[in-house]
>>> print(open('target-v1.tsv').read())   # TSV, C-alpha atoms and all ligand atoms
chain	number	residue	atom	x	y	z
A	1093	MET	CA	0.00	0.00	0.00
A	1094	GLU	CA	2.67	2.48	1.06
A	1095	ASP	CA	4.70	1.87	-2.08
A	1096	GLN	CA	1.88	2.97	-4.33
A	1097	PRO	CA	2.48	6.27	-6.12
A	1098	ARG	CA	0.84	9.24	-4.45
A	1099	GLY	CA	0.61	11.46	-7.55
A	1100	ASN	CA	1.45	15.09	-7.00
A	1101	VAL	CA	-0.22	15.24	-3.66
A	1102	GLU	CA	3.08	15.78	-1.77
A	1103	GLY	CA	3.56	19.14	-3.47
A	1104	ASP	CA	0.09	20.31	-2.51
A	1105	THR	CA	-0.52	23.12	-0.08
A	1106	ASP	CA	-1.54	22.31	3.47
A	1107	GLU	CA	-4.99	23.72	2.81
A	1108	SER	CA	-5.46	21.56	-0.28
A	1109	LEU	CA	-4.32	18.48	1.65
A	1110	MET	CA	-6.79	19.24	4.40
A	1111	ARG	CA	-9.57	19.55	1.81
A	1112	GLN	CA	-8.57	16.17	0.37
A	1113	PHE	CA	-8.52	14.72	3.87
A	1114	GLN	CA	-11.97	16.14	4.53
A	1115	SER	CA	-13.15	14.29	1.41
A	1116	GLY	CA	-11.85	11.03	2.89
A	1117	ASP	CA	-8.32	10.86	1.45
A	1118	GLY	CA	-6.22	9.34	4.21
A	1119	VAL	CA	-2.98	9.74	2.24
A	1120	ALA	CA	-3.43	13.53	2.37
A	1121	PHE	CA	-3.46	13.34	6.16
A	1122	GLU	CA	-0.33	11.19	6.18
A	1123	ILE	CA	1.48	13.84	4.15
A	1124	LEU	CA	0.44	16.51	6.64
A	1125	PHE	CA	1.54	14.16	9.42
A	1126	ASP	CA	4.99	13.82	7.84
A	1127	ARG	CA	5.18	17.54	7.17
A	1128	TYR	CA	4.38	18.65	10.70
A	1129	SER	CA	5.34	15.90	13.17
A	1130	THR	CA	8.86	17.19	13.76
A	1131	HIS	CA	7.69	20.81	13.86
A	1132	LEU	CA	5.04	20.01	16.45
A	1133	ILE	CA	7.40	17.97	18.61
A	1134	ASN	CA	9.95	20.77	18.59
A	1135	PHE	CA	7.33	23.42	19.16
A	1136	ALA	CA	6.18	21.51	22.26
A	1137	HIS	CA	9.79	20.94	23.31
A	1138	ARG	CA	10.42	24.71	23.49
A	1139	PHE	CA	7.85	24.84	26.28
A	1140	LEU	CA	7.92	21.44	27.94
A	1141	PHE	CA	11.66	20.66	27.60
A	1142	SER	CA	11.06	16.93	27.68
A	1143	ARG	CA	11.21	14.66	24.66
A	1144	GLU	CA	8.54	12.22	25.87
A	1145	GLU	CA	6.12	14.90	26.90
A	1146	SER	CA	6.69	16.78	23.65
A	1147	GLU	CA	5.98	13.70	21.55
A	1148	ASP	CA	2.86	13.06	23.57
A	1149	ALA	CA	1.71	16.66	23.10
A	1150	ALA	CA	2.45	16.57	19.36
A	1151	GLN	CA	0.45	13.36	19.01
A	1152	GLU	CA	-2.42	14.96	20.86
A	1153	VAL	CA	-2.39	17.88	18.43
A	1154	LEU	CA	-2.36	15.52	15.44
A	1155	LEU	CA	-5.19	13.53	16.99
A	1156	ARG	CA	-7.24	16.69	17.27
A	1157	ILE	CA	-6.56	17.50	13.63
A	1158	HIS	CA	-7.48	13.95	12.62
A	1159	GLY	CA	-10.67	13.98	14.66
A	1160	ALA	CA	-11.70	17.57	13.92
A	1161	ARG	CA	-11.12	17.54	10.17
A	1162	ASP	CA	-14.71	18.65	9.53
A	1163	ARG	CA	-14.29	21.68	11.75
A	1164	TYR	CA	-11.42	23.06	9.67
A	1165	ASP	CA	-12.41	25.92	7.38
A	1166	SER	CA	-10.29	25.23	4.31
A	1167	SER	CA	-10.57	28.83	3.14
A	1168	ARG	CA	-8.34	29.81	6.08
A	1169	PRO	CA	-4.62	29.12	6.39
A	1170	PHE	CA	-3.78	25.77	7.93
A	1171	ARG	CA	-0.55	26.51	9.79
A	1172	PRO	CA	-1.98	29.15	12.15
A	1173	TRP	CA	-4.92	26.82	12.87
A	1174	LEU	CA	-2.55	23.94	13.61
A	1175	PHE	CA	-0.31	25.95	15.90
A	1176	SER	CA	-3.21	27.62	17.67
A	1177	ILE	CA	-4.41	24.13	18.64
A	1178	ALA	CA	-0.87	23.23	19.68
A	1179	SER	CA	-0.50	26.41	21.75
A	1180	ARG	CA	-3.75	25.79	23.59
A	1181	LEU	CA	-2.92	22.18	24.38
A	1182	ILE	CA	0.57	23.02	25.56
A	1183	SER	CA	-0.56	25.92	27.73
A	1184	ASN	CA	-3.10	23.57	29.35
A	1185	ARG	CA	-0.29	21.14	30.08
A	1186	LEU	CA	1.89	23.89	31.52
A	1187	ARG	CA	-0.97	25.02	33.74
A	1188	GLN	CA	-1.45	21.47	34.99
A	1189	LYS	CA	2.26	21.14	35.66
A	1190	LYS	CA	2.25	24.35	37.66
A	1191	ARG	CA	-0.76	23.16	39.63
A	1192	HIS	CA	0.77	19.73	40.24
A	1193	PRO	CA	4.54	20.26	40.03
A	1194	LEU	CA	5.34	16.85	41.53
A	1195	VAL	CA	3.37	15.11	38.80
A	1196	SER	CA	6.15	15.97	36.37
A	1197	LEU	CA	7.39	12.67	35.00
A	1198	PHE	CA	10.96	13.59	34.32
A	1199	HIS	CA	12.09	16.05	36.96
A	1200	SER	CA	11.17	15.40	40.54
A	1201	ALA	CA	11.53	18.06	43.21
A	1202	ASP	CA	14.42	16.27	44.91
A	1203	GLU	CA	16.45	16.21	41.68
A	1204	GLY	CA	16.94	19.91	42.09
A	1205	GLY	CA	13.53	20.86	40.80
A	1206	ASP	CA	14.62	22.94	37.79
A	1207	GLU	CA	12.51	21.60	34.94
A	1208	SER	CA	14.29	23.84	32.52
A	1209	ILE	CA	17.51	21.84	32.64
A	1210	PRO	CA	17.72	19.90	29.37
A	1211	LEU	CA	18.19	16.14	29.36
A	1212	ASP	CA	20.53	16.30	26.45
A	1213	VAL	CA	21.92	19.15	24.43
A	1214	PRO	CA	23.18	18.62	20.89
A	1215	ASP	CA	26.86	18.76	20.26
A	1216	ARG	CA	26.42	20.59	17.02
A	1217	TRP	CA	29.94	21.95	16.81
A	1218	ASP	CA	33.19	20.06	17.05
A	1219	SER	CA	34.32	21.17	20.42
A	1220	GLY	CA	36.16	20.04	23.48
A	1221	PRO	CA	34.75	19.09	26.88
A	1222	GLU	CA	34.87	22.68	28.16
A	1223	GLN	CA	32.83	23.93	25.23
A	1224	ILE	CA	30.32	21.10	25.68
A	1225	VAL	CA	29.88	22.02	29.32
A	1226	GLU	CA	29.54	25.63	28.24
A	1227	LYS	CA	26.88	24.72	25.68
A	1228	HIS	CA	24.96	22.75	28.29
A	1229	HIS	CA	25.16	25.72	30.57
A	1230	LEU	CA	24.03	28.09	27.82
A	1231	ALA	CA	21.17	25.84	26.70
A	1232	ALA	CA	19.98	25.49	30.27
A	1233	HIS	CA	20.18	29.24	30.69
A	1234	ILE	CA	18.22	29.88	27.49
A	1235	GLN	CA	15.53	27.43	28.55
A	1236	SER	CA	15.32	29.13	31.87
A	1237	VAL	CA	15.01	32.57	30.25
A	1238	LEU	CA	12.32	31.31	27.84
A	1239	SER	CA	10.40	29.67	30.69
A	1240	ARG	CA	10.39	32.89	32.66
A	1241	LEU	CA	8.96	34.91	29.75
A	1242	PRO	CA	5.24	35.64	29.97
A	1243	GLY	CA	3.36	32.89	28.10
A	1244	ASN	CA	2.35	35.02	25.12
A	1245	GLN	CA	5.90	36.37	24.65
A	1246	HIS	CA	7.29	32.85	24.85
A	1247	THR	CA	4.80	31.67	22.20
A	1248	ALA	CA	5.55	34.60	19.91
A	1249	VAL	CA	9.30	33.97	20.18
A	1250	VAL	CA	9.01	30.27	19.42
A	1251	LEU	CA	6.72	30.87	16.44
A	1252	ALA	CA	8.94	33.63	15.06
A	1253	ARG	CA	12.33	32.11	15.76
A	1254	PHE	CA	11.78	28.40	15.24
A	1255	GLU	CA	8.71	28.22	13.01
A	1256	GLU	CA	9.88	31.28	11.07
A	1257	MET	CA	6.36	32.64	11.01
A	1258	SER	CA	5.65	36.16	9.82
A	1259	ASN	CA	4.06	38.61	12.23
A	1260	GLU	CA	0.77	38.16	10.34
A	1261	GLU	CA	0.87	34.38	10.80
A	1262	ILE	CA	1.75	34.74	14.48
A	1263	ALA	CA	-1.18	37.14	14.87
A	1264	GLN	CA	-3.54	34.61	13.27
A	1265	THR	CA	-2.17	31.81	15.42
A	1266	MET	CA	-2.46	33.73	18.66
A	1267	GLY	CA	-5.67	35.52	17.77
A	1268	ILE	CA	-4.19	38.99	18.36
A	1269	SER	CA	-3.31	42.00	16.21
A	1270	VAL	CA	-0.07	42.34	14.27
A	1271	SER	CA	0.90	45.36	16.36
A	1272	SER	CA	0.43	43.28	19.53
A	1273	VAL	CA	2.72	40.64	18.04
A	1274	LYS	CA	5.38	43.26	17.32
A	1275	SER	CA	5.10	44.55	20.86
A	1276	LEU	CA	5.33	41.04	22.36
A	1277	LEU	CA	8.34	40.19	20.24
A	1278	PHE	CA	10.11	43.42	21.06
A	1279	ARG	CA	9.71	42.93	24.81
A	1280	ALA	CA	10.73	39.28	24.56
A	1281	ARG	CA	13.81	40.12	22.52
A	1282	GLN	CA	14.83	42.77	24.98
A	1283	THR	CA	14.62	40.25	27.81
A	1284	LEU	CA	16.61	37.73	25.79
A	1285	LYS	CA	19.23	40.35	24.93
A	1286	ASN	CA	19.64	41.43	28.55
A	1287	ASP	CA	19.69	37.91	29.95
A	1288	LEU	CA	21.99	36.42	27.33
A	1289	LYS	CA	24.47	39.22	26.81
A	1290	GLN	CA	26.82	37.67	29.35
A	1291	PHE	CA	27.35	34.87	26.79
A	1292	ILE	CA	28.02	37.21	23.88
A	1293	PRO	CA	31.70	37.83	23.17
A	1294	ASN	CA	33.27	41.29	23.39
A	1295	HIS	CA	30.97	42.14	26.19
A	1296	PRO	CA	31.81	42.44	29.89
A	1297	VAL	CA	30.98	39.09	31.45
A	1298	PRO	CA	30.71	38.10	35.12
A	1299	PRO	CA	34.01	36.75	36.45
A	1300	ASN	CA	32.65	33.20	36.97
A	1301	THR	CA	31.47	32.82	33.36
A	1302	THR	CA	33.75	31.69	30.56
A	1303	ALA	CA	31.70	32.42	27.48
A	1304	THR	CA	33.12	31.03	24.28
A	1305	PHE	CA	30.56	32.36	21.82
B	1049	MET	CA	15.60	59.24	14.09
B	1050	ASN	CA	16.49	59.24	17.77
B	1051	CYS	CA	17.99	56.35	19.77
B	1052	LYS	CA	14.69	55.33	21.36
B	1053	ASN	CA	12.94	54.91	18.01
B	1054	ALA	CA	15.97	53.26	16.45
B	1055	VAL	CA	16.19	50.64	19.23
B	1056	LYS	CA	12.46	49.99	19.01
B	1057	ALA	CA	12.77	49.30	15.30
B	1058	LEU	CA	15.92	47.18	15.61
B	1059	PRO	CA	14.37	43.66	15.77
B	1060	GLU	CA	12.35	44.28	12.62
B	1061	TYR	CA	15.28	46.03	10.96
B	1062	LEU	CA	17.45	42.98	11.65
B	1063	ASP	CA	14.73	40.60	10.42
B	1064	LEU	CA	14.43	42.69	7.22
B	1065	THR	CA	10.72	43.16	7.84
B	1066	LEU	CA	10.83	46.91	8.41
B	1067	GLY	CA	9.33	49.25	5.80
B	1068	LYS	CA	11.83	50.75	3.37
B	1069	ASP	CA	11.72	54.34	4.67
B	1070	GLU	CA	12.00	53.35	8.29
B	1071	ALA	CA	14.77	50.90	7.50
B	1072	LEU	CA	16.77	53.68	5.82
B	1073	GLY	CA	16.21	55.84	8.91
B	1074	VAL	CA	17.55	53.08	11.19
B	1075	ARG	CA	20.50	52.42	8.89
B	1076	ASP	CA	21.48	56.10	8.92
B	1077	HIS	CA	21.13	56.25	12.68
B	1078	LEU	CA	23.27	53.15	13.20
B	1079	ALA	CA	25.98	54.64	11.02
B	1080	LEU	CA	26.26	57.53	13.43
B	1081	CYS	CA	25.47	55.94	16.81
B	1082	PRO	CA	27.85	53.38	18.38
B	1083	GLU	CA	25.46	52.71	21.31
B	1084	CYS	CA	22.68	51.64	18.98
B	1085	ARG	CA	25.13	49.63	16.90
B	1086	GLU	CA	26.04	47.75	20.09
B	1087	GLU	CA	22.34	47.23	20.84
B	1088	ALA	CA	21.84	45.89	17.32
B	1089	ARG	CA	24.71	43.47	17.81
B	1090	LEU	CA	23.27	42.21	21.09
B	1091	PHE	CA	19.78	41.85	19.65
B	1092	SER	CA	21.15	39.92	16.73
B	1093	SER	CA	23.54	37.68	18.72
B	1094	SER	CA	21.02	36.80	21.42
B	1095	TRP	CA	18.46	35.86	18.77
B	1096	GLU	CA	21.00	33.69	16.94
B	1097	MET	CA	21.99	32.09	20.22
B	1098	LEU	CA	18.64	30.32	20.47
B	1099	ASP	CA	20.05	27.90	17.91
B	1100	VAL	CA	21.85	26.16	20.74
B	1101	LEU	CA	18.57	24.60	21.84
B	1102	GLU	CA	18.22	20.96	20.94
B	1103	THR	CA	16.23	19.95	17.86
B	1104	VAL	CA	14.25	16.81	18.58
B	1105	GLN	CA	13.54	14.13	15.98
B	1106	PRO	CA	10.47	11.90	16.28
B	1107	SER	CA	11.24	8.59	17.96
B	1108	ALA	CA	10.95	5.33	16.00
B	1109	TYR	CA	7.57	4.45	17.49
B	1110	PHE	CA	6.03	7.94	17.09
B	1111	ARG	CA	3.96	7.07	14.01
B	1112	ALA	CA	2.85	3.63	15.24
B	1113	HIS	CA	1.88	5.05	18.61
B	1114	PHE	CA	-0.10	7.80	16.93
B	1115	TRP	CA	-2.19	5.35	14.87
B	1116	GLU	CA	-2.72	3.26	17.97
B	1117	ARG	CA	-4.16	6.34	19.65
B	1118	VAL	CA	-6.36	7.08	16.61
B	1119	ARG	CA	-7.85	3.56	16.85
B	1120	GLU	CA	-8.44	3.99	20.59
B	1121	GLN	CA	-10.09	7.36	19.98
B	1122	GLU	CA	-12.33	5.96	17.25
B	1123	THR	CA	-13.38	3.03	19.43
B	1124	ARG	CA	-14.23	5.43	22.27
B	1125	ALA	CA	-16.07	7.74	19.87
B	1126	TRP	CA	-18.16	4.83	18.57
B	1127	GLY	CA	-19.06	3.94	22.15
B	1128	ARG	CA	-20.12	7.51	22.83
B	1129	THR	CA	-21.87	8.21	19.56
B	1130	GLY	CA	-23.16	4.73	18.65
B	1131	LEU	CA	-26.81	4.23	17.68
B	1132	PHE	CA	-28.01	3.35	21.19
B	1133	SER	CA	-26.21	6.33	22.76
B	1134	ARG	CA	-27.49	8.79	20.22
B	1135	PHE	CA	-31.08	7.50	20.43
B	1136	PRO	CA	-31.90	6.37	23.98
B	1137	LEU	CA	-35.23	4.85	22.87
B	1138	ALA	CA	-33.49	2.70	20.27
B	1139	PRO	CA	-33.25	-0.47	22.44
B	1140	ALA	CA	-36.99	-0.33	23.29
B	1141	LEU	CA	-37.90	0.32	19.65
B	1142	ALA	CA	-35.61	-2.47	18.50
B	1143	GLY	CA	-37.25	-4.89	20.98
B	1144	PHE	CA	-40.73	-3.83	19.88
B	1145	PHE	CA	-39.78	-4.30	16.24
B	1146	VAL	CA	-38.47	-7.83	16.89
B	1147	LEU	CA	-41.69	-8.80	18.74
B	1148	TRP	CA	-43.82	-7.33	15.96
B	1149	LEU	CA	-41.83	-9.25	13.37
B	1150	LEU	CA	-42.29	-12.52	15.33
B	1151	GLY	CA	-46.02	-11.82	15.63
B	1152	VAL	CA	-46.45	-11.19	11.92
B	1153	ALA	CA	-44.43	-14.28	11.00
B	1154	GLY	CA	-46.35	-16.49	13.48
B	1155	GLY	CA	-49.72	-15.16	12.26
B	1156	ALA	CA	-48.80	-15.78	8.65
B	1157	HIS	CA	-47.79	-19.34	9.48
B	1158	LEU	CA	-51.10	-20.08	11.28
B	1159	PHE	CA	-53.12	-18.54	8.43
B	1160	LYS	CA	-51.28	-20.70	5.96
B	1161	LEU	CA	-51.94	-23.84	8.02
B	1162	ARG	CA	-55.65	-23.10	8.27
B	1163	HIS	CA	-56.19	-22.29	4.62
B	1164	ARG	CA	-53.89	-24.61	2.87
B	1165	THR	CA	-55.04	-27.17	0.25
B	1166	VAL	CA	-54.93	-30.72	1.55
B	1167	THR	CA	-53.60	-33.12	-1.04
B	1168	THR	CA	-55.13	-36.55	-1.69
B	1169	THR	CA	-51.81	-38.21	-0.95
B	1170	GLU	CA	-51.85	-36.70	2.56
B	1171	ILE	CA	-55.42	-37.98	3.15
B	1172	ALA	CA	-54.47	-41.47	1.95
B	1173	LEU	CA	-51.42	-41.51	4.13
B	1174	ASN	CA	-53.48	-40.42	7.14
B	1175	ARG	CA	-55.93	-43.21	6.53
B	1176	PHE	CA	-53.23	-45.84	6.22
B	1177	LEU	CA	-51.68	-44.67	9.46
B	1178	SER	CA	-55.01	-44.38	11.28
B	1179	PRO	CA	-55.67	-46.89	14.12
B	1180	TYR	CA	-59.44	-47.03	13.35
B	1181	PRO	CA	-60.60	-50.23	11.56
B	1182	GLN	CA	-62.74	-48.39	9.00
B	1183	ASN	CA	-59.57	-46.86	7.75
B	1184	SER	CA	-57.57	-50.09	7.62
B	1185	VAL	CA	-56.22	-51.28	4.29
B	1186	GLU	CA	-58.55	-54.31	4.28
B	1187	HIS	CA	-61.60	-52.20	5.03
B	1188	ILE	CA	-60.78	-49.74	2.34
B	1189	PHE	CA	-60.23	-52.50	-0.19
B	1190	GLN	CA	-63.45	-54.16	0.94
B	1191	GLU	CA	-65.36	-50.99	0.31
B	1192	GLY	CA	-63.70	-50.93	-3.09
B	1193	ARG	CA	-62.45	-47.46	-2.47
B	1194	THR	CA	-59.11	-46.14	-3.24
B	1195	PRO	CA	-57.49	-44.23	-0.40
B	1196	GLY	CA	-58.85	-40.71	-0.39
B	1197	GLY	CA	-61.05	-41.55	-3.32
B	1198	ASN	CA	-64.29	-40.34	-1.76
B	1199	VAL	CA	-62.98	-37.11	-0.40
C	1401	ZN	ZN	21.39	55.75	18.95
>>> encode(input="target-v1.tsv", output="structure tokens", more="lines below")
Ligand SMILES: [Zn+2]
Amino acid sequence: MEDQPRGNVEGDTDESLMRQFQSGDGVAFEILFDRYSTHLINFAHRFLFSREESEDAAQEVLLRIHGARDRYDSSRPFRPWLFSIASRLISNRLRQKKRHPLVSLFHSADEGGDESIPLDVPDRWDSGPEQIVEKHHLAAHIQSVLSRLPGNQHTAVVLARFEEMSNEEIAQTMGISVSSVKSLLFRARQTLKNDLKQFIPNHPVPPNTTATF
Amino acid sequence: MNCKNAVKALPEYLDLTLGKDEALGVRDHLALCPECREEARLFSSSWEMLDVLETVQPSAYFRAHFWERVREQETRAWGRTGLFSRFPLAPALAGFFVLWLLGVAGGAHLFKLRHRTVTTTEIALNRFLSPYPQNSVEHIFQEGRTPGGNV
């Protein structure tokens, strides 16, 4: 079955694929699944910072899409609809985690309690042990800064920076105006700039930090 | 353009999403203002720095697990939205329909029994099997009648 040719359907727009899926074409959904699985997992990961939880959240989003196909208005862009569902589900999860912090599956309170510490950080550059430690430290710091941003700023940053959405798309996703998006992004970027400048070279750094970037 | 406006426009200027006129204003200001140039550098570097965050790939069982969940969801949905759940009177109506059907079928059978045509072979057979002497084979032959002949 899977080896059968799928025609030109893979080059179709998301909206067209959703229309085909609404008409009962399961292959169209599978293409959307392939197109967005990794995006959704990573989107969730920027908030939940746990691989298992992120996969679970991404599956939940895809389940909603699969089950709510008839509720999608195919005259409207798909991506903002998809990520608005993802944002809602993830913010519900974050609220639950805040309400029941000990329920967290991967970071118990007696481990130090900081859920923002990553389980593993990629070693994307060829670097020695000191640089790896530094990258871990930086990644943990970035996660911590992101987690401390107000929820809507955090969402705007993730959509802009990692999903490369335009301000218009972010506005559609978050259900706010473009000017509100600009304002959220500006405030978030100021916070990031102030909190990360200690890691930026040619800038006075605290004596206990050995930034290599 | 003053420093305050230049800094406010910096993220969009760096993302190349600022309008042409405003972008030229920021560019001219940056050429003259080292403080804003430093701000621009920090804005840019801190934004780039987010790349250090891990990019997660779906695990090997992600797809299989998803379809498993779809099947579970569909089974649950059928339980919730099945015929009997959607129409609470459906079981009673179904029972009534079955009884009605049995009644009609039984009635039709009885009607058929009462009004059916009895064949001569059946009458002859009944006579042969009858315990009464007038219906015995000898008696019938004595009367010179064939079985069922006088019916
Ligand atoms: Zn200036």
>>> interface_residues(input="target-v1.tsv", of="chain A", to="chain B", cutoff="8 Å", atoms="all atoms listed in the file", output="list in words")
Ser1129, Thr1130, Ile1133, Asn1134, His1137, Arg1143, Glu1147, Gln1151, Leu1155, Asp1212, Val1213, Pro1214, Lys1227, Leu1230, Ala1231, Ile1234, Gln1235, Arg1253, Phe1278, Arg1281, Gln1282, Leu1284, Lys1285, Leu1288, Lys1289 and Ile1292 of chain A
>>> atom_distance(input="target-v1.tsv", atom1="CA of Leu1109 in chain A", atom2="CA of Glu1120 in chain B")
24.2 Å
>>> residues_near_ligand(input="target-v1.tsv", ligand="ligand ZN 1401 (chain C)", cutoff="9 Å", atoms="only C-alpha atoms and all ligand atoms", output="list in words")
Met1049, Asn1050, Cys1051, Lys1052, Asn1053, Ala1054, Val1055, His1077, Leu1078, Leu1080, Cys1081, Pro1082, Glu1083, Cys1084, Arg1085 and Glu1087 of chain B
>>> write_last_selection(input="target-v1.tsv", atoms="C-alpha atoms", output="PDB file, in the coordinates of the input")
ATOM      1  CA  MET B1049      15.600  59.240  14.090  1.00  0.00           C
ATOM      2  CA  ASN B1050      16.490  59.240  17.770  1.00  0.00           C
ATOM      3  CA  CYS B1051      17.990  56.350  19.770  1.00  0.00           C
ATOM      4  CA  LYS B1052      14.690  55.330  21.360  1.00  0.00           C
ATOM      5  CA  ASN B1053      12.940  54.910  18.010  1.00  0.00           C
ATOM      6  CA  ALA B1054      15.970  53.260  16.450  1.00  0.00           C
ATOM      7  CA  VAL B1055      16.190  50.640  19.230  1.00  0.00           C
ATOM      8  CA  HIS B1077      21.130  56.250  12.680  1.00  0.00           C
ATOM      9  CA  LEU B1078      23.270  53.150  13.200  1.00  0.00           C
ATOM     10  CA  LEU B1080      26.260  57.530  13.430  1.00  0.00           C
ATOM     11  CA  CYS B1081      25.470  55.940  16.810  1.00  0.00           C
ATOM     12  CA  PRO B1082      27.850  53.380  18.380  1.00  0.00           C
ATOM     13  CA  GLU B1083      25.460  52.710  21.310  1.00  0.00           C
ATOM     14  CA  CYS B1084      22.680  51.640  18.980  1.00  0.00           C
ATOM     15  CA  ARG B1085      25.130  49.630  16.900  1.00  0.00           C
ATOM     16  CA  GLU B1087      22.340  47.230  20.840  1.00  0.00           C
TER      17      GLU B1087
END
>>> atom_distance(input="target-v1.tsv", atom1="CA of Gly1103 in chain A", atom2="CA of Asp1148 in chain A")
27.7 Å
>>> residues_around(input="target-v1.tsv", residues="range 1257-1274 of chain A", least_positions_apart="5", cutoff="8 Å", atoms="all atoms listed in the file", output="PyMOL selection string")
chain A and resi 1171-1173+1175-1176+1248+1251-1252
>>> write_last_selection(input="target-v1.tsv", atoms="C-alpha atoms", output="compact mmCIF listing (two decimals), in the frame of the given file")
# COMPACT_ATOMS: atom_id res chain seq x y z
CA ARG A 1171 -0.55 26.51 9.79
CA PRO A 1172 -1.98 29.15 12.15
CA TRP A 1173 -4.92 26.82 12.87
CA PHE A 1175 -0.31 25.95 15.90
CA SER A 1176 -3.21 27.62 17.67
CA ALA A 1248 5.55 34.60 19.91
CA LEU A 1251 6.72 30.87 16.44
CA ALA A 1252 8.94 33.63 15.06
>>> atom_distance(input="target-v1.tsv", atom1="CA of Tyr1164 in chain A", atom2="CA of Glu1107 in chain A")
9.4 Å
